[in-house]
Amino acid sequence: MDTLVALSTGIAFLFSVFNTFFPEFWLSRGIEPHVYYEAATVIITFISLGKLLEEKAKSNTSSAIKKLMGLQPKTLKIIENGEEKEIPIASVQVGQTILVRPGEKIPVDGEVSKGSSYVDESMITGEPVPVQKSQGEKVFAGTVNQKGSFQFTAEKVGGETLLSQIIKMVQQAQGSKAPVQKLVDKIAGIFVPVVLGISIITFIVWMSIGGDNAFSQALLTSVAVLVIACPCALGLATPTAIMVGIGKGAENNILIKDAESLELGHKVNAVILDKTGTITEGKPLVTDILWKDKLKNQKQYKEILLAIEAQSEHPLAEAVVNHLKGENIEQAEITSFESITGKGVKAQSENGSKYYVGNHKLMVEKNIQIDASLMQTAESLEEKAKTVIFFGGENQVLAILAIADKIKETSKKAIATLQERGIEVFMLTGDNNKTASAVAHQVGITNYQGEVMPSDKAAFVEKLQTDGKIVAMVGDGINDSHALAQANVSIAMGKGSDIAMDVAKMTLITSDLQSIPKALELSKRTVLGIRQNLFWAFIYNIIGIPIAAGVLYPVNGFLLDPMIAGAAMAFSSVSVVANSLRLKRVKL
């Protein structure tokens, strides 16, 4: 492509310079001299602009790595000889005791030695509910401590931490993925030598049969061949269709950062979906509250439940508080509050009544009776992968609450649309297998895996690619970043992490999964537009090159003026742009 651009623009420019300074050479032969400076300038400007945009897209890939590195704190606090000491992260050694306070990021991988807390591990698992960590449990660099303080022993530091491994894997995946060999380049590989050959043959033929004006006729016709074949339409065929396609995507809440993904989307035959924040809302919500039969003063108990959960540090307590506040429930007064590790909480109201909120173990331990019907409902809710919380008085369970990460209303329809198009849909999640199974069955996915680590997601993408699949990965978290970088087409949910959006080549502004089939349809329409553009670009060349070479001269004495060749070239470019603009009217 560059060879033909350089030759056609170079010859057009030198030919124009000659005509500017020596017009009499042509005038003495009865030929009007013309200049082609604007053709050379416009072609080079367009091509340089395209290369600038390409380089800018490449430089943006490093911002994801920088953000991942920013997850690790610069300093940390160690406990040495019973004293607290702040040191740079580069100085920490395996075996040192590290102190983590509420709200701080965990600096390295290790094992809890003292204290307990809830840790937000969504960057690794993608799951929205923080995990309880107590003595003997593992913690990982980059995860965020919630409300409690604890100490842990450093086990992996520097490049060995899980966060460092994720950074390394994202770098490798971004660097190793070769750009798709564009259709235009393949065509240009054949087209350029053919045009050069025709131009040289034209010159030789006219030198031998041109008579008195052999050289001028040979020069004019060979330049006309190069000018009419100049890859302006060929060069515009892809970028104009892609520019319109990217604009059309933006109108439909699809932001496309990389033209390559827009070209590849129509070939996708396997889509991998993350669960949390992609298929589901990504936020725990109360889905059911079931009260004991014939229970009076329900409002009073709701006020007590709100007061207890408002004081609780448990990550699911916030979902209960938000739900009850949404019902305009006022908070009651409670006189005492006690957290029971791993089981729940105990509280006392103003009149001295005791209340318990927690799991089934806590109810059994405190001899609190559960109605058979409530227990049966609780088991049924757990089978649907919902977390069940029991709210009990001194001797009986008053209510059960079910909390779950709600499935988005449009997820099932979007998945069905993809499957109808013959695309295999997979679901990968860091959540447990029971939850994975329940969600997969609700949305109609048969291929799913639970308890998947970030590296496992990327390995799964690679396995499908090895099997010959063109894979689209859809995710929203840091845990998805390696798989997004590995996939052929990467799509991030707009409400997800900045890192996922940086790595992904497409971002859905909306959280609606129905934008995925739209994005793939947009790719199909854009590629069709590119192919139509290439057809028009070649039709002009197939007709124009022989005329420029002088095939009509023996018939009617017609020779194509290079100026008319330049106009024909410009007209082919206009038709290509006009065809690309038709994409604006397409309904996705």
# chains A, B, ... in the order shown; residues from 1 in each chain; ligands from 1
>>> residues_around(residues="Gly115 (chain A)", least_positions_apart="4", cutoff="8 Å", atoms="only C-alpha atoms", output="PyMOL selection string")
chain A and resi 134-135+148-151
>>> write_last_selection(atoms="C-alpha atoms", output="CSV table (one decimal), in the first residue's frame")
chain,number,residue,atom,x,y,z
A,134,SER,CA,-9.7,-14.5,60.5
A,135,GLN,CA,-6.5,-16.3,61.8
A,148,GLY,CA,-11.7,-4.3,61.2
A,149,SER,CA,-7.9,-4.2,61.9
A,150,PHE,CA,-5.7,-7.3,61.6
A,151,GLN,CA,-2.1,-8.4,61.4
>>> residues_around(residues="Val527 (chain A)", least_positions_apart="5", cutoff="9 Å", atoms="only C-alpha atoms", output="number ranges by chain")
A: 238, 241-242, 262-264, 266, 522, 532
>>> closest_residue(among="A:Gly30, A:Val100, A:Ala487, A:Lys147", to="Lys463 (chain A)", atoms="only C-alpha atoms")
A:Ala487
>>> residues_around(residues="Asn269 (chain A)", least_positions_apart="6", cutoff="8 Å", atoms="only C-alpha atoms", output="PyMOL selection string")
chain A and resi 422-424+469-471
>>> write_last_selection(atoms="C-alpha atoms", output="mmCIF file, in the first residue's frame")
data_model
loop_
_atom_site.group_PDB
_atom_site.id
_atom_site.type_symbol
_atom_site.label_atom_id
_atom_site.label_comp_id
_atom_site.auth_asym_id
_atom_site.auth_seq_id
_atom_site.Cartn_x
_atom_site.Cartn_y
_atom_site.Cartn_z
ATOM 1 C CA GLY A 422 -25.395 -19.684 16.538
ATOM 2 C CA ILE A 423 -22.984 -18.122 19.041
ATOM 3 C CA GLU A 424 -21.949 -20.306 21.981
ATOM 4 C CA LYS A 469 -13.065 -20.101 18.057
ATOM 5 C CA ILE A 470 -13.176 -16.310 17.653
ATOM 6 C CA VAL A 471 -13.824 -15.298 21.257
#
>>> closest_residue(among="A:Val439, A:Ile124, A:Val17, A:Val586", to="Lys408 (chain A)", atoms="only C-alpha atoms")
A:Val439
>>> select_by_dssp(residues="region 375-542 of chain A", states="helix (DSSP H, G or I)", output="ChimeraX atom specification")
/A:375-383,411-420,433-443,454-466,478-486,498-503,515-542
>>> residues_around(residues="Gly477 (chain A)", least_positions_apart="4", cutoff="12 Å", atoms="only C-alpha atoms", output="ChimeraX atom specification")
/A:68,121-128,273-278,282,429-430,454,473,481-484,491-504
>>> write_last_selection(atoms="N, CA and C atoms", output="short mmCIF file (atom, residue, chain, number, x, y, z; two decimals), in the first residue's frame")
data_model
loop_
_atom_site.label_atom_id
_atom_site.label_comp_id
_atom_site.auth_asym_id
_atom_site.auth_seq_id
_atom_site.Cartn_x
_atom_site.Cartn_y
_atom_site.Cartn_z
N LEU A 68 -3.27 -0.78 37.26
CA LEU A 68 -3.10 -2.01 38.05
C LEU A 68 -1.98 -1.84 39.06
N GLU A 121 -12.50 -8.55 48.04
CA GLU A 121 -11.61 -9.28 47.12
C GLU A 121 -12.15 -9.24 45.69
N SER A 122 -13.01 -8.25 45.38
CA SER A 122 -13.65 -8.22 44.06
C SER A 122 -12.64 -8.13 42.92
N MET A 123 -11.44 -7.55 43.19
CA MET A 123 -10.43 -7.46 42.11
C MET A 123 -9.93 -8.84 41.68
N ILE A 124 -10.08 -9.84 42.57
CA ILE A 124 -9.63 -11.19 42.23
C ILE A 124 -10.81 -12.06 41.81
N THR A 125 -11.87 -12.05 42.64
CA THR A 125 -13.00 -12.95 42.39
C THR A 125 -14.10 -12.31 41.56
N GLY A 126 -14.17 -10.96 41.61
CA GLY A 126 -15.26 -10.26 40.92
C GLY A 126 -16.53 -10.23 41.73
N GLU A 127 -16.54 -10.88 42.90
CA GLU A 127 -17.76 -10.95 43.70
C GLU A 127 -17.91 -9.72 44.59
N PRO A 128 -19.15 -9.17 44.68
CA PRO A 128 -19.34 -7.90 45.38
C PRO A 128 -19.33 -7.99 46.90
N LEU A 273 -19.15 -14.64 29.28
CA LEU A 273 -19.71 -13.61 30.16
C LEU A 273 -19.24 -13.81 31.59
N ASP A 274 -18.82 -12.74 32.22
CA ASP A 274 -18.59 -12.76 33.67
C ASP A 274 -19.99 -12.74 34.31
N LYS A 275 -20.12 -13.19 35.55
CA LYS A 275 -21.45 -13.19 36.19
C LYS A 275 -21.76 -11.85 36.85
N THR A 276 -20.95 -11.52 37.87
CA THR A 276 -21.25 -10.35 38.70
C THR A 276 -21.03 -9.05 37.95
N GLY A 277 -22.07 -8.22 37.89
CA GLY A 277 -21.96 -6.92 37.23
C GLY A 277 -22.14 -7.00 35.73
N THR A 278 -22.17 -8.21 35.18
CA THR A 278 -22.36 -8.39 33.74
C THR A 278 -23.75 -9.00 33.50
N GLY A 282 -24.55 -6.82 40.23
CA GLY A 282 -23.26 -6.60 40.89
C GLY A 282 -23.38 -5.97 42.25
N THR A 429 -17.28 -17.46 36.55
CA THR A 429 -17.40 -16.62 37.74
C THR A 429 -16.50 -17.11 38.87
N GLY A 430 -16.08 -16.17 39.70
CA GLY A 430 -15.29 -16.52 40.89
C GLY A 430 -16.16 -17.00 42.02
N PRO A 454 -8.65 -15.40 38.08
CA PRO A 454 -8.40 -14.58 36.89
C PRO A 454 -7.59 -15.28 35.81
N MET A 473 -14.93 -11.63 24.98
CA MET A 473 -15.00 -11.70 26.44
C MET A 473 -15.71 -10.44 26.95
N SER A 481 -9.54 -8.57 33.63
CA SER A 481 -8.64 -7.81 32.74
C SER A 481 -7.71 -8.70 31.91
N HIS A 482 -7.20 -9.79 32.50
CA HIS A 482 -6.30 -10.68 31.75
C HIS A 482 -7.06 -11.37 30.61
N ALA A 483 -8.27 -11.87 30.94
CA ALA A 483 -9.08 -12.55 29.91
C ALA A 483 -9.51 -11.58 28.82
N LEU A 484 -9.83 -10.33 29.20
CA LEU A 484 -10.21 -9.30 28.21
C LEU A 484 -9.06 -9.04 27.25
N ILE A 491 -15.03 -6.72 25.55
CA ILE A 491 -16.12 -5.78 25.81
C ILE A 491 -16.24 -5.57 27.32
N ALA A 492 -16.18 -4.30 27.75
CA ALA A 492 -16.31 -3.99 29.18
C ALA A 492 -17.65 -3.33 29.45
N MET A 493 -18.22 -3.63 30.62
CA MET A 493 -19.45 -2.97 31.04
C MET A 493 -19.09 -1.58 31.57
N GLY A 494 -19.84 -0.57 31.16
CA GLY A 494 -19.52 0.81 31.50
C GLY A 494 -19.52 1.13 32.97
N LYS A 495 -20.22 0.33 33.80
CA LYS A 495 -20.26 0.60 35.24
C LYS A 495 -19.18 -0.19 35.97
N GLY A 496 -18.29 -0.83 35.21
CA GLY A 496 -17.23 -1.66 35.81
C GLY A 496 -16.01 -0.85 36.20
N SER A 497 -14.91 -1.58 36.45
CA SER A 497 -13.67 -0.92 36.90
C SER A 497 -12.99 -0.20 35.73
N ASP A 498 -12.22 0.85 36.05
CA ASP A 498 -11.48 1.61 35.03
C ASP A 498 -10.51 0.71 34.28
N ILE A 499 -9.93 -0.26 34.99
CA ILE A 499 -8.91 -1.13 34.39
C ILE A 499 -9.54 -2.02 33.32
N ALA A 500 -10.73 -2.58 33.64
CA ALA A 500 -11.43 -3.41 32.65
C ALA A 500 -11.74 -2.59 31.41
N MET A 501 -12.17 -1.33 31.61
CA MET A 501 -12.52 -0.46 30.48
C MET A 501 -11.28 -0.06 29.67
N ASP A 502 -10.13 0.07 30.34
CA ASP A 502 -8.89 0.41 29.64
C ASP A 502 -8.41 -0.74 28.77
N VAL A 503 -8.51 -1.96 29.29
CA VAL A 503 -8.02 -3.15 28.57
C VAL A 503 -8.96 -3.48 27.40
N ALA A 504 -10.28 -3.34 27.64
CA ALA A 504 -11.26 -3.72 26.62
C ALA A 504 -11.23 -2.78 25.43
#
